[in-house]
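Let me begin by presenting the structure, written as structure tokens, before commenting on it.
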Amino acid sequence: YTPILDWNDPAGADHYQVQIATASTFATGSVMVDATSTPSSFIPLSALAANSTFYWRVRVYDAAGQYSNWSSVRHFHTTLPAPALISPGINANTSSLPAFDWADVTGATGYVIQVSTSSSFSSTKINKTVAVSSYTTTSNLMLGKKYYWPVYTKGAFNSLWSEVRYFTIQ
């Protein structure tokens, strides 16, 4: 939520003005960041909102204080956060019908859970989209097998996968 914005460093550059906004027009009220940067890159000091689109532009100042036109406008998206997994815990022993639970994420429209016997997820036993932050399997998993599971948050801009946990069916 603090992306690195980077641009070319033209000859004669002294410093830069960088703006980040929620509207591509940079209309009054939409500018979230208006900052000066000496290197030809910038990282916002405060985290930007999740699940949002932002627009940015930059202009160069020379040592005499003269400035260029604004650069072309570019945009980027911030994703939703990945959910924190709750249960089953790491290396837990569970029944053949495990119940999965993870923390709610504000702004989520759903979640995707995967369960696999392979840590690389080359094949999945469960690949399910659910509307809430829990899921209970409806068919038995194999006794004595180790299973791996992560979850990601769905929304306008999906999260990355959560951490991967594993459990064993006892």
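Numbering starts fresh at 1 for the residues of each chain in the structure tokens, the chains themselves are lettered A, B, ... in the order given, and ligands are numbered from 1 as they appear.
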
Legend entry - All residues 9 Å or closer to Asn91 in chain A, only C-alpha atoms, same chain fewer than 2 positions away omitted, as a ChimeraX atom specification: /A:88-89,93,146,165-168

Test item: residues at most 8 Å from range 36-43 of chain A, only C-alpha atoms, excluding those fewer than 2 positions along its chain, as a PyMOL selection string:
chain A and resi 2-9+14-18+34+45

request  = Mind the document's chain letters and residue numbers, and return as an MDAnalysis selection string the residues of range 7-170 of chain A that DSSP labels strand (DSSP E).
outcome  = chainID A and resid 15:21 31:37 41:42 52:61 74:78 85:87 92:94 99:102 110:115 126:130 134:136 146:149 151:154 165:169

Can you pull out the residues contacting Lys154 in chain A? Cut-off 9 Å, using only C-alpha atoms, and skip same-chain residues under 6 positions away; I want them as a PyMOL selection string. chain A and resi 80+107-112+129

Selection above as a file: C-alpha atoms, as a short mmCIF file (atom, residue, chain, number, x, y, z; two decimals), in the first residue's frame:
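Everything below was put into again-v7.cif:
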data_model
loop_
_atom_site.label_atom_id
_atom_site.label_comp_id
_atom_site.auth_asym_id
_atom_site.auth_seq_id
_atom_site.Cartn_x
_atom_site.Cartn_y
_atom_site.Cartn_z
CA LEU A 80 -7.48 -6.23 -0.90
CA GLY A 107 -14.53 -4.90 1.20
CA ALA A 108 -14.48 -8.60 0.33
CA THR A 109 -17.11 -9.89 -2.07
CA GLY A 110 -16.07 -13.48 -1.39
CA TYR A 111 -13.11 -15.77 -0.85
CA VAL A 112 -11.43 -18.60 -2.74
CA THR A 129 -15.49 -19.78 -3.96
#

Of A:Phe157, A:Tyr147, A:Tyr1, A:Phe26, the one sitting nearest Ile90 in chain A when using only C-alpha atoms is A:Tyr147

What is the CA of Ser134 in chain A-CA of Ser122 in chain A distance in Å, reported with one decimal?
->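 Value for the CA of Ser134 in chain A-CA of Ser122 in chain A distance: 23.4 Å.
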
Tell me which protein, DNA and RNA residues are within 9 Å of range 141-143 of chain A, counting only C-alpha atoms, leaving out same-chain ones fewer than 2 positions away, and put them as a PyMOL selection string. chain A and resi 95-98+125+137+139+145-147+168-170
